[in-house]
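Note: the block below is work-v3.cif and it holds mmCIF, C-alpha atoms.
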```cif
data_entry
#
loop_
_atom_site.label_atom_id
_atom_site.label_comp_id
_atom_site.auth_asym_id
_atom_site.auth_seq_id
_atom_site.Cartn_x
_atom_site.Cartn_y
_atom_site.Cartn_z
CA MET S 1 -81.49 12.57 -7.81
CA LEU S 2 -81.24 14.85 -4.88
CA ASN S 3 -84.26 16.65 -3.78
CA SER S 4 -84.33 20.24 -2.69
CA SER S 5 -83.71 19.44 0.98
CA GLY S 6 -80.57 17.49 -0.06
CA LEU S 7 -79.36 20.51 -2.01
CA VAL S 8 -79.94 22.76 0.96
CA ILE S 9 -77.96 20.40 3.20
CA ALA S 10 -75.12 20.19 0.66
CA ALA S 11 -75.07 24.01 0.35
CA LEU S 12 -75.09 24.31 4.13
CA ILE S 13 -72.14 21.88 4.44
CA ALA S 14 -70.23 23.69 1.67
CA SER S 15 -70.82 27.11 3.24
CA THR S 16 -69.78 25.80 6.68
CA ALA S 17 -66.58 24.33 5.20
CA PHE S 18 -65.88 27.62 3.41
CA ALA S 19 -66.46 29.58 6.64
CA ALA S 20 -64.10 27.23 8.53
CA LEU S 21 -61.50 27.66 5.80
CA ALA S 22 -61.89 31.44 5.94
CA VAL S 23 -61.51 31.45 9.75
CA ALA S 24 -58.38 29.26 9.50
CA ALA S 25 -56.93 31.58 6.85
CA ILE S 26 -57.65 34.66 8.97
CA LEU S 27 -56.03 33.07 12.04
CA THR S 28 -52.97 32.10 9.99
CA LEU S 29 -52.68 35.64 8.60
CA LEU S 30 -52.95 37.09 12.11
CA GLN S 31 -50.15 34.79 13.30
CA LEU S 32 -48.03 35.84 10.32
CA ARG S 33 -48.67 39.48 11.17
CA ARG S 34 -47.60 38.92 14.80
CA ALA S 35 -44.47 37.10 13.64
CA ALA S 36 -43.65 39.91 11.21
CA GLU S 37 -44.10 42.50 13.98
CA ALA S 38 -41.83 40.53 16.31
CA ALA S 39 -39.22 40.22 13.57
CA ARG S 40 -39.44 43.96 12.88
CA GLU S 41 -38.96 44.77 16.57
CA THR S 42 -36.04 42.35 16.81
CA LEU S 43 -34.37 43.86 13.75
CA ALA S 44 -34.87 47.36 15.15
CA ALA S 45 -33.27 46.30 18.44
CA VAL S 46 -30.37 44.69 16.59
CA GLU S 47 -29.90 47.85 14.54
CA ARG S 48 -29.84 49.97 17.71
CA GLU S 49 -27.15 47.69 19.14
CA VAL S 50 -25.07 47.34 15.98
CA ARG S 51 -24.75 51.04 15.12
CA PRO S 52 -22.66 51.96 18.18
CA LEU S 53 -20.61 48.78 17.76
CA ALA S 54 -19.84 49.71 14.16
CA SER S 55 -18.60 53.10 15.34
CA ASP S 56 -16.47 51.43 18.01
CA VAL S 57 -14.99 48.99 15.50
CA HIS S 58 -14.14 51.87 13.17
CA ALA S 59 -12.43 53.74 16.02
CA LEU S 60 -10.48 50.60 16.98
CA LEU S 61 -9.32 50.15 13.39
CA GLU S 62 -8.09 53.74 13.30
CA ALA S 63 -6.24 53.26 16.58
CA HIS S 64 -4.70 50.04 15.24
CA ARG S 65 -3.56 51.82 12.09
CA GLU S 66 -1.92 54.58 14.15
CA LEU S 67 -0.20 52.05 16.40
CA ALA S 68 1.10 50.14 13.39
CA HIS S 69 2.56 53.33 11.90
CA GLY S 70 4.16 54.20 15.25
CA ALA S 71 5.63 50.72 15.57
CA HIS S 72 7.04 50.98 12.05
CA ARG S 73 8.71 54.30 12.89
CA ASN S 74 10.12 52.86 16.13
CA LEU S 75 11.54 49.86 14.30
CA ARG S 76 13.27 52.13 11.80
CA GLU S 77 14.80 54.14 14.65
CA LEU S 78 15.89 50.92 16.34
CA GLU S 79 17.43 49.75 13.07
CA ARG S 80 19.45 52.98 12.85
CA GLY S 81 20.57 52.51 16.47
CA VAL S 82 21.63 48.93 15.78
CA ALA S 83 23.58 50.05 12.72
CA ALA S 84 25.33 52.76 14.74
CA ALA S 85 26.16 50.30 17.53
CA HIS S 86 27.47 47.86 14.93
CA GLU S 87 29.75 50.57 13.53
CA VAL S 88 31.05 51.44 17.00
CA LEU S 89 31.66 47.78 17.82
CA THR S 90 33.47 47.31 14.52
CA ARG S 91 35.80 50.18 15.36
CA VAL S 92 36.32 48.88 18.90
CA GLY S 93 37.12 45.48 17.40
CA ARG S 94 39.73 47.00 15.13
CA LEU S 95 41.24 48.91 18.05
CA THR S 96 41.23 45.75 20.14
CA ALA S 97 42.98 43.87 17.35
CA LEU S 98 45.63 46.56 17.18
CA LEU S 99 46.13 46.57 20.92
CA GLY S 100 45.95 42.77 21.04
CA SER S 101 49.20 42.52 19.21
CA VAL S 102 50.99 44.19 22.12
CA GLY S 103 52.22 41.56 24.67
CA THR S 104 50.49 40.90 28.02
CA VAL S 105 48.13 43.84 27.70
CA GLY S 106 47.14 42.30 24.39
CA LYS S 107 45.55 39.34 26.18
CA VAL S 108 43.17 41.63 28.05
CA PHE S 109 42.30 43.41 24.86
CA GLY S 110 41.89 40.07 23.10
CA VAL S 111 39.15 39.19 25.55
CA ALA S 112 37.57 42.59 24.92
CA ARG S 113 37.78 41.93 21.20
CA GLY S 114 36.01 38.60 21.65
CA ILE S 115 33.25 40.35 23.57
CA GLY S 116 33.04 42.95 20.81
CA ARG S 117 32.73 40.26 18.16
CA ALA S 118 30.04 38.49 20.18
CA ALA S 119 28.13 41.77 20.45
CA THR S 120 28.52 42.30 16.70
CA VAL S 121 27.14 38.85 15.98
CA LEU S 122 24.27 39.46 18.38
CA LEU S 123 23.43 42.78 16.77
CA GLY S 124 23.64 41.17 13.35
CA LEU S 125 21.20 38.50 14.43
CA LEU S 126 18.85 41.11 15.80
CA GLY S 127 19.05 43.00 12.51
CA ARG S 128 18.25 39.83 10.51
CA ARG S 129 15.46 38.87 12.86
CA ARG S 130 13.73 42.18 12.25
CA ARG S 131 13.57 41.54 8.52
#
```

Represent the supplied structure as C-alpha cells.
Amino acid sequence: MLNSSGLVIAALIASTAFAALAVAAILTLLQLRRAAEAARETLAAVEREVRPLASDVHALLEAHRELAHGAHRNLRELERGVAAAHEVLTRVGRLTALLGSVGTVGKVFGVARGIGRAATVLLGLLGRRRR
C-alpha cells in the first residue's frame, strides 16, 4: 500500500493537473470571448454598410418600376402611331393603284405603290416584332 507521503504526492499531482486544466479552460474561454467580440464588431460594421445599400437598392427598384411603366406607355403610343401610318399607307396604296391604271403616269405611281407596300410590310413587321 501507499504510505502517507505517497498519498500527498498523488494529491499534489492531481491538484497540479486540475490547476493546469483550469488554466487551459480559462485561456480557451478568453479566446472564445475575443472571437465573439471580433464577430460582434464585424457584424456591426456589416450592418452599418448594408443599411444604406438596402435603401439604395429600394430606390433603384422604384426607379426601375417607373421606367418600365414609362416604356410601356411609350410603346403603346408608338403602336398607335404605327397603326395610323399603316392606315395612311393603305390609303396611299389604294390611290396609287387607281392612278396606276392611267397610262404612262401610271408607271410612276406604280413605283410609288411598290414603295407604299414595302413600307406597309415594314410597319407590319415592326408591329409583330413588338408583340

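Residues of protein, DNA or RNA having at least one counted atom within 12 Å of (23.5, 43.1, 15.8), given all atoms listed in the file, are Leu78, Glu79, Arg80, Gly81, Val82, Ala83, Ala84, Ala85, His86, Glu87, Val88, Leu89, Thr90, Gly116, Arg117, Ala118, Ala119, Thr120, Val121, Leu122, Leu123, Gly124, Leu125, Leu126, Gly127, Arg128, Arg129 and Arg130 of chain S.
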
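Coordinates place atom CA of S:Leu75 at a distance of 20.0 Å from atom CA of S:Glu62.
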
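Note that atom CA of S:Ala97 and atom CA of S:Ile115 are 12.1 Å apart.
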
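Taking atom CA of S:Arg76 and atom CA of S:Arg94 as the two end points, the separation is 27.2 Å.
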